[in-house]
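A.B. asks: Structure incoming, see below.
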Amino acid sequence: MLRSPRHRLPACLLLACVLLACVLVACDRAPPPAPAARTAAPAAATRPAQAVRQLTRHLRDNDLVAFAHEAVPPALHAQLERAWSAGHTRWPLDELPFDDRVPALLKSLAAPQAQTDLQRVFDQQFAHAPRQIKGAAASLGLFGAQYIQRQGDYSDDERQHYAQLIQATSAWATTAPLSDRARAQRALAALTVAARRTGLDSAADFQRAGMEESLRRMGGFAQAFKQALAAYGLDLDASLDGMHATLLQQTGDRARVRMQYRYAGRDIDTVVAVQRIDGRWYLSDYLHHAGKAVATTPAPASR
């Protein structure tokens, strides 16, 4: 499903977006509008579980800019900004499976007459077709679970966590009113406007805008995205609000934190690794992926 042509919308679009979003819901990411200007920086995460709660709060507040600042040490953040501006990474958006689809998704939604064209596709293929959509949701769940287990640079913790999210998403999608024309019409209206406001519909746009500005713009789109999903019964903010993080164990500068929350009608229970650097705690998987993004960035040519 996720590899199908992007004109297979909006039902397929919504299902694909949900799969992307489910990876964010954890202690991870998902964004609505970020503040116009950042004020005082939040207190450093000096305890393992606090690091998880802090990042979750940024997601709930729709502040991807703050999330990016708090997810990695300052020196690594600066390296990521340079790599982003050079077009070598889109971290933290790179944390998403199928992240290369994000510009194409925005481009599809921002295109002239997108709402009219996508509504026509919906009416032809998906309106009043709950059986077909239920089958698509089941297939998406199967494909997504197989992808997470076999592909990508994921830790064992991530694979276990994301598998739960994908299963919950697939089960939700089989009963959600995704064939409802009125809901689709409202969702498309909001998403097309939000996509155009980002001004980001290509990899080059993300590069030109830079890391911080791109993440700020994506906040507005994420807000519309969350609201669209809520209309179908999937409340991502409620999942973030209800997340509990508790310390399981700590040995020196390494720790394990248990995360529990309700998502798509199911209880999610997972464990994440965190580590301390210069007195502050960070999620190990984020450090790994961010470090890898910087390590694969070509070194500047010497003069």
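Convention: chains lettered A, B, ... in structure tokens order; per-chain residue numbering from 1; ligands numbered from 1 as shown.
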Residues within 12 Å of Gln227 in chain A, please, as a list of chain:residue names. Count only C-alpha atoms; anything in the same chain fewer than 2 positions from it doesn't count.

C.D. replies: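 Close residues of Gln227 in chain A: A:Ala30, A:Pro31, A:Pro32, A:Pro33, A:Arg183, A:Arg186, A:Ala187, A:Leu188, A:Ala189, A:Ala190, A:Leu191, A:Ala194, A:Gly220, A:Phe221, A:Ala222, A:Gln223, A:Ala224, A:Phe225, A:Leu229, A:Ala230, A:Ala231, A:Tyr232, A:Gly233, A:Leu234, A:Asp235, A:Leu236, A:Asp237, A:Ala238.
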
A.B. asks: Between CA of Gln132 in chain A and CA of Thr175 in chain A, what is the distance, to one decimal in Å?

C.D. replies: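 Atom-to-atom, CA of Gln132 in chain A to CA of Thr175 in chain A, that is 11.9 Å.
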
A.B. asks: Looking only at the backbone, which of the residues in range 57-290 of chain A does DSSP tag as alpha helix (DSSP H), as a PyMOL selection string?

C.D. replies: chain A and resi 57-60+64-71+74-85+101-110+114-125+130-150+156-173+181-198+203-209+211-231+236-241+284-290

A.B. asks: Name the residues in contact with Ala293 in chain A at a cut-off of 9 Å, using only C-alpha atoms, excluding same-chain residues fewer than 6 positions from it; report them as an NGL selection string.

C.D. replies: :A and (80 or 83 or 88-91 or 94)

A.B. asks: Any idea what's packed within 9 Å of range 275-280 of chain A, counting only C-alpha atoms, ignoring anything in its chain fewer than 6 positions away? Could you give it as number ranges by chain?

C.D. replies: A: 44-48, 51, 73, 252-256

A.B. asks: When DSSP works through the backbone of this structure, what residues of range 126-288 of chain A end up as strand (DSSP E or B), shown as number ranges by chain?

C.D. replies: A: 244-251, 254-263, 266-277, 280-283

A.B. asks: For Lys134 in chain A, please output as a list of chain:residue names all residues within 8 Å (counting only C-alpha atoms; exclusion window: fewer than 2 positions along the same chain).

C.D. replies: A:Pro130, A:Arg131, A:Gln132, A:Ala136, A:Ala137, A:Ala138, A:Ala173, A:Thr174, A:Thr175

A.B. asks: Of the candidates A:Ala264, A:Ala111, A:Leu215, A:Val257, which shows the shortest atom-to-atom distance to Ala171 in chain A, using only C-alpha atoms?

C.D. replies: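 The closest residue to Ala171 in chain A is A:Ala264.
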
A.B. asks: For each of A:Val274, A:Phe143, A:Asp267, A:Asp156, take the minimum atom-to-atom distance to Gln250 in chain A, counting only C-alpha atoms, then give the residue where this is smallest.

C.D. replies: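 Of the candidates, the smallest distance to Gln250 in chain A is held by A:Val274.
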
A.B. asks: Have a look at A:Gln185, A:Thr56, A:Gln79, A:Ser155 and name the one nearest to Asp285 in chain A; count only C-alpha atoms.

C.D. replies: A:Ser155

A.B. asks: For a test of reading the model, state the distance in Å between CA of Leu140 in chain A and CA of Leu178 in chain A, rounded to one decimal.

C.D. replies: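 About the pair CA of Leu140 in chain A and CA of Leu178 in chain A: they are 14.1 Å apart.
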
A.B. asks: What is the distance between CA of Pro92 in chain A and CA of Leu247 in chain A, in Å to one decimal?

C.D. replies: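 One can read the CA of Pro92 in chain A to CA of Leu247 in chain A distance as 24.7 Å.
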
A.B. asks: Which polymer residues have any atom within 9 Å of an atom of Arg53 in chain A, counting only C-alpha atoms, with same-chain residues fewer than 3 positions away left out, as number ranges by chain?

C.D. replies: A: 27, 49-50, 56-58, 243-245

A.B. asks: Could you write out the selected residues, including all heavy atoms, as an mmCIF file, in the first residue's frame?

C.D. replies:
```
data_model
loop_
_atom_site.group_PDB
_atom_site.id
_atom_site.type_symbol
_atom_site.label_atom_id
_atom_site.label_comp_id
_atom_site.auth_asym_id
_atom_site.auth_seq_id
_atom_site.Cartn_x
_atom_site.Cartn_y
_atom_site.Cartn_z
ATOM 1 N N CYS A 27 7.404 7.695 22.500
ATOM 2 C CA CYS A 27 8.048 8.815 23.172
ATOM 3 C C CYS A 27 8.652 9.630 22.073
ATOM 4 O O CYS A 27 9.595 10.359 22.267
ATOM 5 C CB CYS A 27 9.145 8.303 24.080
ATOM 6 S SG CYS A 27 10.496 7.598 23.168
ATOM 7 N N ALA A 49 13.713 8.873 33.145
ATOM 8 C CA ALA A 49 12.321 8.958 32.712
ATOM 9 C C ALA A 49 11.946 10.370 32.314
ATOM 10 O O ALA A 49 11.063 10.576 31.468
ATOM 11 C CB ALA A 49 11.393 8.448 33.820
ATOM 12 N N GLN A 50 12.611 11.355 32.900
ATOM 13 C CA GLN A 50 12.329 12.745 32.546
ATOM 14 C C GLN A 50 12.639 13.015 31.086
ATOM 15 O O GLN A 50 11.951 13.798 30.424
ATOM 16 C CB GLN A 50 13.136 13.688 33.444
ATOM 17 C CG GLN A 50 12.856 15.166 33.197
ATOM 18 C CD GLN A 50 13.774 16.079 33.991
ATOM 19 O OE1 GLN A 50 14.683 15.619 34.678
ATOM 20 N NE2 GLN A 50 13.540 17.372 33.904
ATOM 21 N N THR A 56 8.094 13.735 24.918
ATOM 22 C CA THR A 56 6.657 13.529 24.703
ATOM 23 C C THR A 56 5.902 14.844 24.822
ATOM 24 O O THR A 56 4.971 15.129 24.059
ATOM 25 C CB THR A 56 6.109 12.526 25.730
ATOM 26 O OG1 THR A 56 6.830 11.294 25.619
ATOM 27 C CG2 THR A 56 4.628 12.274 25.511
ATOM 28 N N ARG A 57 6.299 15.676 25.775
ATOM 29 C CA ARG A 57 5.652 16.970 25.952
ATOM 30 C C ARG A 57 5.832 17.850 24.724
ATOM 31 O O ARG A 57 4.909 18.569 24.301
ATOM 32 C CB ARG A 57 6.247 17.676 27.174
ATOM 33 C CG ARG A 57 5.536 18.951 27.576
ATOM 34 C CD ARG A 57 4.180 18.646 28.138
ATOM 35 N NE ARG A 57 3.091 19.105 27.270
ATOM 36 C CZ ARG A 57 1.829 18.800 27.447
ATOM 37 N NH1 ARG A 57 1.453 18.030 28.439
ATOM 38 N NH2 ARG A 57 0.900 19.251 26.628
ATOM 39 N N HIS A 58 7.021 17.811 24.143
ATOM 40 C CA HIS A 58 7.248 18.610 22.939
ATOM 41 C C HIS A 58 6.343 18.157 21.800
ATOM 42 O O HIS A 58 5.844 18.978 21.018
ATOM 43 C CB HIS A 58 8.708 18.514 22.498
ATOM 44 C CG HIS A 58 9.665 19.193 23.426
ATOM 45 N ND1 HIS A 58 9.379 20.376 24.056
ATOM 46 C CD2 HIS A 58 10.920 18.851 23.833
ATOM 47 C CE1 HIS A 58 10.399 20.745 24.817
ATOM 48 N NE2 HIS A 58 11.345 19.835 24.697
ATOM 49 N N MET A 243 0.631 9.028 28.362
ATOM 50 C CA MET A 243 1.843 8.225 28.420
ATOM 51 C C MET A 243 2.500 8.298 29.804
ATOM 52 O O MET A 243 2.680 9.365 30.360
ATOM 53 C CB MET A 243 2.832 8.697 27.360
ATOM 54 C CG MET A 243 3.968 7.713 27.087
ATOM 55 S SD MET A 243 5.334 7.881 28.252
ATOM 56 C CE MET A 243 5.956 9.485 27.815
ATOM 57 N N HIS A 244 2.833 7.128 30.355
ATOM 58 C CA HIS A 244 3.526 7.035 31.634
ATOM 59 C C HIS A 244 4.932 6.477 31.396
ATOM 60 O O HIS A 244 5.096 5.467 30.705
ATOM 61 C CB HIS A 244 2.766 6.120 32.597
ATOM 62 C CG HIS A 244 1.399 6.626 32.958
ATOM 63 N ND1 HIS A 244 1.195 7.646 33.851
ATOM 64 C CD2 HIS A 244 0.174 6.252 32.520
ATOM 65 C CE1 HIS A 244 -0.101 7.886 33.959
ATOM 66 N NE2 HIS A 244 -0.748 7.055 33.157
ATOM 67 N N ALA A 245 5.930 7.149 31.971
ATOM 68 C CA ALA A 245 7.321 6.704 31.846
ATOM 69 C C ALA A 245 7.873 6.443 33.236
ATOM 70 O O ALA A 245 7.818 7.318 34.105
ATOM 71 C CB ALA A 245 8.157 7.758 31.132
#
```

A.B. asks: So, counting only C-alpha atoms, which residue among A:Ala168, A:Thr251, A:Ala71, A:Gln151 is closest to Leu287 in chain A?

C.D. replies: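 Closest to Leu287 in chain A of all the choices is A:Ala71.
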
A.B. asks: Can you tell me, as a ChimeraX atom specification, what residues are no more than 7 Å from Ser179 in chain A when counting only C-alpha atoms, ignoring any on the same chain fewer than 6 positions away?

C.D. replies: /A:126-130

A.B. asks: For C-alpha atoms, I'd like the residues from the last selection saved as a short mmCIF file (atom, residue, chain, number, x, y, z; two decimals), in the first residue's frame.

C.D. replies:
```
data_model
loop_
_atom_site.label_atom_id
_atom_site.label_comp_id
_atom_site.auth_asym_id
_atom_site.auth_seq_id
_atom_site.Cartn_x
_atom_site.Cartn_y
_atom_site.Cartn_z
CA PHE A 126 -13.43 4.44 -1.72
CA ALA A 127 -16.72 6.15 -0.92
CA HIS A 128 -19.09 3.63 0.61
CA ALA A 129 -16.52 0.86 0.16
CA PRO A 130 -15.83 -0.28 3.74
#
```

A.B. asks: Closest to Leu55 in chain A among A:Tyr147, A:Thr169, A:Tyr261, A:Trp281, using only C-alpha atoms?

C.D. replies: A:Trp281
